[in-house]
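Worksheet for the structure shown next.
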Amino acid sequence: MTELCDLAYKYGSDKCPKIKHHYTPYYYKLFKDRRESIKKVLEIGIGNKEQHGMRHVPRSYVTGASLRMWRDFFPNAQVYGIDNDQSCMFEDERITTIYRTQSRVVDLSKVLMVTGRDIDIVIDDGSHYTSDQVFTCSVLMPLLKDDVIYIIEDMNESREVQKRLPAFKTKIIQFKESRTRDDKLLIVRK
């Protein structure tokens with residue numbers, strides 16, 4: 001368990017092993033030395049208990065759990081979340097939510113008008129549809145700064161998504177200790 005795992009568990013995010021996925025230990029290693037320098041995080045998919053059959057979340061879950069986790073972990077970051085469900089919208093200290101879908105160019109363009117293009121980290125935890133994952137990454141990546149780290153979570157078809165993003169450097173992260181098929185990440189870089 002890491003500090004990021006503890007934050008995920010505190011808010012009820014399924015990104016930590018105590019709840020479902022094994023992402024937070026990996027994220028901690030990836031980001032721990034950059035905590036102070038990360039200025040903008042964008043997460044696609046805010047989620048709430050009623051949405052997408054989120055039966056695995058604990059009672060401690062709050063809407064925007066992972067947005068709150070990122071805000072607490074990166075002390076100098078503004079955290080943005082987008083979702084196509086109006087009931088997920090909220091505002092909090094250093095958190096801005098945007099009502100948009102990830103499957104339309106016009107919506108993604110409007111998101112960048114709010115966030116700017118200088119995003120440090122993008123996490124796609126949205127629809128989990130392969131077509132949306134490929135589309136969103138293909139649209140956003142060319143518009144973002146060169147050193148952005150783009151992560152697609154909950155990868156059911158990681159090899160297919162990787163194959164459909166040939167313009168970028170990609171790496172599949174699969175967790176051996178996982179109990180679920182979708183416990184994979186795809187790391188995308190320019």
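Here's how to read the names in the structure tokens: chain A, B, ... by the order shown, residue numbers from 1 in each chain, ligand numbers from 1 in the order shown.
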
Point to revise | Spatial neighbours of region 96-104 of chain A, max dist 7 Å, only C-alpha atoms, sep filter under 5 positions, as a list in words | key: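 So, after excluding close chain neighbours, the residues are Val79, Tyr80, Gly81, Ile82, Asp83, Asn84, Asp85, Gln86, Met89, Phe90, Glu91, Asp132, Phe135 and Thr136 of chain A.
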
Practice item. Using only C-alpha atoms, determine which residues lie at most 12 Å from Lys190 (chain A), disregarding the query and same-chain residues fewer than 2 positions distant; provide the list as a list in words. Key: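 Counting only the stated atoms, we get Cys137, Ser138, Leu140, Met141, Pro142, Leu143, Leu144, Lys145, Asp146, Asp147, Val148, Ile149, Tyr150, Leu165, Pro166, Ala167, Phe168, Lys169, Thr170, Lys171, Ile187 and Val188 of chain A.
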
Review point. Which residues, written as a PyMOL selection string, have at least one atom at most 12 Å from Arg71 (chain A), with only C-alpha atoms counted and residues fewer than 3 positions away on the same chain left out?
Key: chain A and resi 4+7-8+11+35-36+38-43+64-68+74-81+92-96

Check your understanding: Rounded to one decimal in Å, what is the spacing between CA of Ile173 (chain A) and CA of Gly116 (chain A)?
Key ->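 Interatomic distance, CA of Ile173 (chain A) to CA of Gly116 (chain A): 28.2 Å.
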
Practice item. Output as a PyMOL selection string all residues of region 97-178 of chain A that backbone DSSP marks as helix (DSSP H, G or I). Key: chain A and resi 105-115+130-143+158-163

Emit the selected residues as an mmCIF file, in the first residue's frame, including C-alpha atoms.
data_model
loop_
_atom_site.group_PDB
_atom_site.id
_atom_site.type_symbol
_atom_site.label_atom_id
_atom_site.label_comp_id
_atom_site.auth_asym_id
_atom_site.auth_seq_id
_atom_site.Cartn_x
_atom_site.Cartn_y
_atom_site.Cartn_z
ATOM 1 C CA VAL A 105 -14.559 15.970 -31.615
ATOM 2 C CA VAL A 106 -16.539 19.124 -30.828
ATOM 3 C CA ASP A 107 -16.909 18.084 -27.176
ATOM 4 C CA LEU A 108 -13.211 17.248 -26.808
ATOM 5 C CA SER A 109 -12.322 20.604 -28.391
ATOM 6 C CA LYS A 110 -14.553 22.386 -25.881
ATOM 7 C CA VAL A 111 -12.879 20.499 -23.033
ATOM 8 C CA LEU A 112 -9.466 21.779 -24.198
ATOM 9 C CA MET A 113 -10.872 25.311 -24.327
ATOM 10 C CA VAL A 114 -11.488 24.969 -20.570
ATOM 11 C CA THR A 115 -8.352 23.052 -19.594
ATOM 12 C CA THR A 130 -12.495 0.220 -27.536
ATOM 13 C CA SER A 131 -13.785 2.602 -30.207
ATOM 14 C CA ASP A 132 -14.071 5.471 -27.681
ATOM 15 C CA GLN A 133 -10.644 4.752 -26.222
ATOM 16 C CA VAL A 134 -8.995 4.855 -29.649
ATOM 17 C CA PHE A 135 -11.022 7.863 -30.831
ATOM 18 C CA THR A 136 -10.397 9.976 -27.735
ATOM 19 C CA CYS A 137 -6.666 9.293 -27.682
ATOM 20 C CA SER A 138 -6.371 9.899 -31.446
ATOM 21 C CA VAL A 139 -8.116 13.269 -31.127
ATOM 22 C CA LEU A 140 -6.462 14.540 -27.934
ATOM 23 C CA MET A 141 -2.855 13.348 -28.173
ATOM 24 C CA PRO A 142 -1.827 15.473 -31.201
ATOM 25 C CA LEU A 143 -3.226 18.557 -29.449
ATOM 26 C CA SER A 158 -5.449 -3.710 -25.005
ATOM 27 C CA ARG A 159 -3.693 -5.220 -28.039
ATOM 28 C CA GLU A 160 -6.433 -3.961 -30.367
ATOM 29 C CA VAL A 161 -6.248 -0.435 -28.943
ATOM 30 C CA GLN A 162 -2.457 -0.521 -29.120
ATOM 31 C CA LYS A 163 -2.603 -1.645 -32.770
#

Practice item. Mind giving me the straight-line distance from CA of Ile123 (chain A) to CA of Ile19 (chain A) in Å, one decimal? Key: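 CA of Ile19 (chain A) lies 18.6 Å from CA of Ile123 (chain A).
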
Exercise for review: Mind giving me the straight-line distance from CA of Arg117 (chain A) to CA of Asp183 (chain A) in Å, one decimal?
Suggested key: 28.7 Å

**Study point:** Counting only C-alpha atoms, the residue of A:Asp118, A:Asp6, A:Glu153, A:Asp124 that sits nearest Tyr23 (chain A)
**Key:**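 Closest to Tyr23 (chain A), using only C-alpha atoms: A:Glu153.
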
Check your understanding: Would you give me, as a ChimeraX atom specification, the residues in chain A that DSSP reads as strand (DSSP E or B)?
Key -> /A:40-44,78-83,91-92,95-99,121-124,149-152,169-174,184-189

Review point. With only C-alpha atoms as the atoms that count, which of A:Lys10, A:Arg34, A:Arg189, A:Lys15 lies nearest to Asp125 (chain A)?
Key: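 Comparing A:Lys10, A:Arg34, A:Arg189, A:Lys15 against Asp125 (chain A), the winner is A:Lys15.
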